[in-house]
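Undergrad: Structure provided below as structure tokens; questions to follow.
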Amino acid sequence: MYRVKNITSGTWVKEYIVGKWLKETIETEDAGIFEKSGAEKLARMLSDEDVKYKAVQLPVEGE
């Protein structure tokens, strides 16, 4: 499983709803958990010239 990190600010994506909101957290444990393809797509979609996101594989409790 993967999480999405804002590498510009060091925060993690907690929740994202297209066209509504993006919630971020400083706590890795609170970050949203995504499948690899979903995390990579979200990171590409959120990234722009000023802010960069990256899909990061981290151990998830129960795996």
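Following the order of the structure tokens, first chain is A, next is B, and so on, with residues numbered from 1 inside each chain and ligands from 1 in the order they appear.
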Just asking: which residues within chain A are strand (DSSP E) according to DSSP, as a PyMOL selection string?
TA: chain A and resi 2-6+11-17+21-25+53-57
Undergrad: Using N, CA, C and O atoms, can you export the residues from the last selection as a tab-separated table (two decimals), in the first residue's frame?
TA:
chain	number	residue	atom	x	y	z
A	2	TYR	N	0.30	2.34	-0.45
A	2	TYR	CA	1.05	3.58	-0.64
A	2	TYR	C	0.36	4.75	0.03
A	2	TYR	O	-0.85	4.74	0.25
A	3	ARG	N	1.17	5.75	0.31
A	3	ARG	CA	0.67	7.03	0.80
A	3	ARG	C	1.23	8.10	-0.13
A	3	ARG	O	2.21	7.87	-0.83
A	4	VAL	N	0.60	9.27	-0.13
A	4	VAL	CA	1.04	10.35	-1.01
A	4	VAL	C	1.58	11.48	-0.16
A	4	VAL	O	0.90	11.98	0.74
A	5	LYS	N	2.83	11.86	-0.44
A	5	LYS	CA	3.51	12.90	0.34
A	5	LYS	C	3.69	14.17	-0.48
A	5	LYS	O	4.07	14.12	-1.65
A	6	ASN	N	3.41	15.30	0.15
A	6	ASN	CA	3.72	16.61	-0.42
A	6	ASN	C	5.19	16.84	-0.08
A	6	ASN	O	5.53	17.16	1.05
A	11	THR	N	4.19	17.36	4.25
A	11	THR	CA	2.94	16.81	4.79
A	11	THR	C	2.47	15.64	3.94
A	11	THR	O	2.98	15.37	2.86
A	12	TRP	N	1.47	14.92	4.46
A	12	TRP	CA	0.92	13.75	3.80
A	12	TRP	C	-0.54	14.02	3.43
A	12	TRP	O	-1.26	14.68	4.16
A	13	VAL	N	-0.98	13.46	2.30
A	13	VAL	CA	-2.38	13.59	1.90
A	13	VAL	C	-3.21	12.69	2.80
A	13	VAL	O	-2.96	11.49	2.90
A	14	LYS	N	-4.17	13.30	3.46
A	14	LYS	CA	-5.07	12.55	4.33
A	14	LYS	C	-6.33	12.15	3.56
A	14	LYS	O	-6.79	11.03	3.64
A	15	GLU	N	-6.86	13.11	2.79
A	15	GLU	CA	-8.10	12.86	2.06
A	15	GLU	C	-8.17	13.83	0.89
A	15	GLU	O	-7.78	14.98	1.00
A	16	TYR	N	-8.69	13.35	-0.23
A	16	TYR	CA	-8.86	14.21	-1.39
A	16	TYR	C	-10.16	13.86	-2.08
A	16	TYR	O	-10.42	12.69	-2.36
A	17	ILE	N	-10.98	14.86	-2.30
A	17	ILE	CA	-12.21	14.69	-3.07
A	17	ILE	C	-12.14	15.69	-4.21
A	17	ILE	O	-12.04	16.90	-3.99
A	21	TRP	N	-12.15	19.22	-1.83
A	21	TRP	CA	-11.12	19.56	-0.86
A	21	TRP	C	-9.94	18.60	-0.87
A	21	TRP	O	-10.02	17.49	-1.34
A	22	LEU	N	-8.87	19.12	-0.30
A	22	LEU	CA	-7.65	18.35	-0.07
A	22	LEU	C	-7.30	18.55	1.38
A	22	LEU	O	-7.12	19.68	1.83
A	23	LYS	N	-7.23	17.47	2.13
A	23	LYS	CA	-6.83	17.54	3.53
A	23	LYS	C	-5.46	16.90	3.65
A	23	LYS	O	-5.23	15.82	3.11
A	24	GLU	N	-4.56	17.56	4.37
A	24	GLU	CA	-3.22	17.03	4.60
A	24	GLU	C	-2.96	16.94	6.10
A	24	GLU	O	-3.62	17.60	6.89
A	25	THR	N	-1.99	16.13	6.47
A	25	THR	CA	-1.63	15.93	7.86
A	25	THR	C	-0.12	15.84	7.99
A	25	THR	O	0.57	15.47	7.04
A	53	TYR	N	4.21	16.34	-5.35
A	53	TYR	CA	3.72	15.21	-4.57
A	53	TYR	C	4.39	13.94	-5.09
A	53	TYR	O	4.77	13.86	-6.25
A	54	LYS	N	4.48	12.94	-4.20
A	54	LYS	CA	5.13	11.68	-4.57
A	54	LYS	C	4.41	10.53	-3.89
A	54	LYS	O	4.06	10.62	-2.71
A	55	ALA	N	4.22	9.44	-4.61
A	55	ALA	CA	3.67	8.21	-4.03
A	55	ALA	C	4.80	7.51	-3.28
A	55	ALA	O	5.88	7.31	-3.83
A	56	VAL	N	4.55	7.17	-2.03
A	56	VAL	CA	5.59	6.57	-1.18
A	56	VAL	C	5.05	5.26	-0.60
A	56	VAL	O	3.99	5.23	0.00
A	57	GLN	N	5.82	4.19	-0.79
A	57	GLN	CA	5.42	2.91	-0.21
A	57	GLN	C	5.92	2.86	1.23
A	57	GLN	O	7.11	3.02	1.49
Undergrad: Using only C-alpha atoms, which of the listed residues (A:Leu42, A:Ile7, A:Leu58, A:Asp48) sits closest to Glu29 of chain A?
TA: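 Nearest candidate to Glu29 of chain A out of A:Leu42, A:Ile7, A:Leu58, A:Asp48: A:Leu58.
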Undergrad: Atom CA of Lys52 of chain A and atom CA of Ile26 of chain A are how many Å apart?
TA: 15.8 Å
Undergrad: Which is closer to Gly10 of chain A than all the others in A:Asp30, A:Val51, A:Met45, A:Ser37, using only C-alpha atoms?
TA: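 Of A:Asp30, A:Val51, A:Met45, A:Ser37, the one nearest Gly10 of chain A, counting only C-alpha atoms, is A:Val51.
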Undergrad: If you measure from atom CA of Met1 of chain A to atom CA of Glu35 of chain A, what distance in Å do you get, rounded to one decimal?
TA: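 Those two atoms sit 5.4 Å apart.
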Undergrad: List every residue of chain A that DSSP, applied to the backbone of this structure, places in helix (DSSP H, G or I), and write the result as a JSON list (two decimals) with all heavy atoms, in the first residue's frame.
TA:
[["chain", "number", "residue", "atom", "x", "y", "z"],
["A", 28, "THR", "N", 2.27, 10.72, 9.69],
["A", 28, "THR", "CA", 2.29, 9.64, 8.69],
["A", 28, "THR", "C", 1.15, 8.66, 8.93],
["A", 28, "THR", "O", 0.50, 8.20, 8.00],
["A", 28, "THR", "CB", 3.63, 8.90, 8.72],
["A", 28, "THR", "OG1", 4.68, 9.84, 8.59],
["A", 28, "THR", "CG2", 3.73, 7.87, 7.62],
["A", 29, "GLU", "N", 0.88, 8.34, 10.19],
["A", 29, "GLU", "CA", -0.14, 7.35, 10.54],
["A", 29, "GLU", "C", -1.54, 7.80, 10.13],
["A", 29, "GLU", "O", -2.43, 6.98, 9.97],
["A", 29, "GLU", "CB", -0.12, 7.05, 12.04],
["A", 29, "GLU", "CG", 1.19, 6.50, 12.54],
["A", 29, "GLU", "CD", 2.23, 7.60, 12.81],
["A", 29, "GLU", "OE1", 1.86, 8.73, 13.12],
["A", 29, "GLU", "OE2", 3.43, 7.30, 12.67],
["A", 30, "ASP", "N", -1.76, 9.11, 10.02],
["A", 30, "ASP", "CA", -3.08, 9.64, 9.66],
["A", 30, "ASP", "C", -3.27, 9.76, 8.16],
["A", 30, "ASP", "O", -4.37, 10.08, 7.69],
["A", 30, "ASP", "CB", -3.29, 11.02, 10.30],
["A", 30, "ASP", "CG", -3.38, 10.97, 11.81],
["A", 30, "ASP", "OD1", -3.70, 9.89, 12.35],
["A", 30, "ASP", "OD2", -3.13, 12.00, 12.45],
["A", 36, "LYS", "N", -1.15, 1.31, -5.36],
["A", 36, "LYS", "CA", -0.02, 1.93, -6.03],
["A", 36, "LYS", "C", -0.46, 2.81, -7.19],
["A", 36, "LYS", "O", -0.05, 3.97, -7.29],
["A", 36, "LYS", "CB", 0.95, 0.86, -6.54],
["A", 36, "LYS", "CG", 2.16, 1.44, -7.25],
["A", 36, "LYS", "CD", 3.11, 0.37, -7.73],
["A", 36, "LYS", "CE", 4.32, 1.00, -8.40],
["A", 36, "LYS", "NZ", 5.27, 0.00, -8.89],
["A", 37, "SER", "N", -1.29, 2.31, -8.07],
["A", 37, "SER", "CA", -1.70, 3.08, -9.25],
["A", 37, "SER", "C", -2.50, 4.33, -8.85],
["A", 37, "SER", "O", -2.33, 5.39, -9.44],
["A", 37, "SER", "CB", -2.52, 2.22, -10.21],
["A", 37, "SER", "OG", -3.70, 1.75, -9.59],
["A", 38, "GLY", "N", -3.34, 4.22, -7.84],
["A", 38, "GLY", "CA", -4.11, 5.36, -7.37],
["A", 38, "GLY", "C", -3.23, 6.42, -6.74],
["A", 38, "GLY", "O", -3.43, 7.62, -6.95],
["A", 39, "ALA", "N", -2.24, 6.00, -5.98],
["A", 39, "ALA", "CA", -1.32, 6.94, -5.33],
["A", 39, "ALA", "C", -0.48, 7.68, -6.38],
["A", 39, "ALA", "O", -0.29, 8.89, -6.28],
["A", 39, "ALA", "CB", -0.41, 6.21, -4.35],
["A", 40, "GLU", "N", 0.00, 6.94, -7.38],
["A", 40, "GLU", "CA", 0.81, 7.57, -8.42],
["A", 40, "GLU", "C", -0.02, 8.56, -9.23],
["A", 40, "GLU", "O", 0.44, 9.66, -9.56],
["A", 40, "GLU", "CB", 1.42, 6.51, -9.33],
["A", 40, "GLU", "CG", 2.50, 5.70, -8.63],
["A", 40, "GLU", "CD", 2.97, 4.51, -9.42],
["A", 40, "GLU", "OE1", 2.26, 4.07, -10.37],
["A", 40, "GLU", "OE2", 4.06, 3.99, -9.09],
["A", 41, "LYS", "N", -1.26, 8.20, -9.54],
["A", 41, "LYS", "CA", -2.14, 9.09, -10.31],
["A", 41, "LYS", "C", -2.46, 10.35, -9.50],
["A", 41, "LYS", "O", -2.43, 11.46, -10.02],
["A", 41, "LYS", "CB", -3.43, 8.36, -10.68],
["A", 41, "LYS", "CG", -4.38, 9.18, -11.50],
["A", 41, "LYS", "CD", -5.60, 8.38, -11.88],
["A", 41, "LYS", "CE", -6.57, 9.24, -12.69],
["A", 41, "LYS", "NZ", -7.75, 8.49, -13.09],
["A", 42, "LEU", "N", -2.76, 10.19, -8.21],
["A", 42, "LEU", "CA", -3.06, 11.33, -7.35],
["A", 42, "LEU", "C", -1.86, 12.26, -7.24],
["A", 42, "LEU", "O", -2.00, 13.48, -7.33],
["A", 42, "LEU", "CB", -3.51, 10.85, -5.97],
["A", 42, "LEU", "CG", -3.88, 11.92, -4.97],
["A", 42, "LEU", "CD1", -5.01, 12.80, -5.49],
["A", 42, "LEU", "CD2", -4.28, 11.28, -3.64],
["A", 43, "ALA", "N", -0.68, 11.70, -7.07],
["A", 43, "ALA", "CA", 0.54, 12.51, -6.97],
["A", 43, "ALA", "C", 0.75, 13.33, -8.25],
["A", 43, "ALA", "O", 1.08, 14.52, -8.18],
["A", 43, "ALA", "CB", 1.75, 11.62, -6.70],
["A", 44, "ARG", "N", 0.56, 12.71, -9.40],
["A", 44, "ARG", "CA", 0.70, 13.44, -10.67],
["A", 44, "ARG", "C", -0.36, 14.54, -10.79],
["A", 44, "ARG", "O", -0.08, 15.65, -11.23],
["A", 44, "ARG", "CB", 0.57, 12.48, -11.86],
["A", 44, "ARG", "CG", 1.80, 11.67, -12.15],
["A", 44, "ARG", "CD", 1.71, 10.97, -13.50],
["A", 44, "ARG", "NE", 0.48, 10.21, -13.69],
["A", 44, "ARG", "CZ", 0.30, 8.93, -13.34],
["A", 44, "ARG", "NH1", 1.31, 8.27, -12.78],
["A", 44, "ARG", "NH2", -0.83, 8.32, -13.56],
["A", 45, "MET", "N", -1.58, 14.22, -10.41],
["A", 45, "MET", "CA", -2.68, 15.16, -10.53],
["A", 45, "MET", "C", -2.51, 16.38, -9.62],
["A", 45, "MET", "O", -2.82, 17.50, -10.03],
["A", 45, "MET", "CB", -4.00, 14.45, -10.21],
["A", 45, "MET", "CG", -5.23, 15.28, -10.46],
["A", 45, "MET", "SD", -6.73, 14.31, -10.25],
["A", 45, "MET", "CE", -6.64, 13.87, -8.53],
["A", 46, "LEU", "N", -2.00, 16.17, -8.42],
["A", 46, "LEU", "CA", -1.85, 17.27, -7.45],
["A", 46, "LEU", "C", -0.60, 18.10, -7.69],
["A", 46, "LEU", "O", -0.55, 19.26, -7.29],
["A", 46, "LEU", "CB", -1.83, 16.71, -6.03],
["A", 46, "LEU", "CG", -3.12, 16.09, -5.52],
["A", 46, "LEU", "CD1", -2.89, 15.46, -4.15],
["A", 46, "LEU", "CD2", -4.25, 17.10, -5.47]]
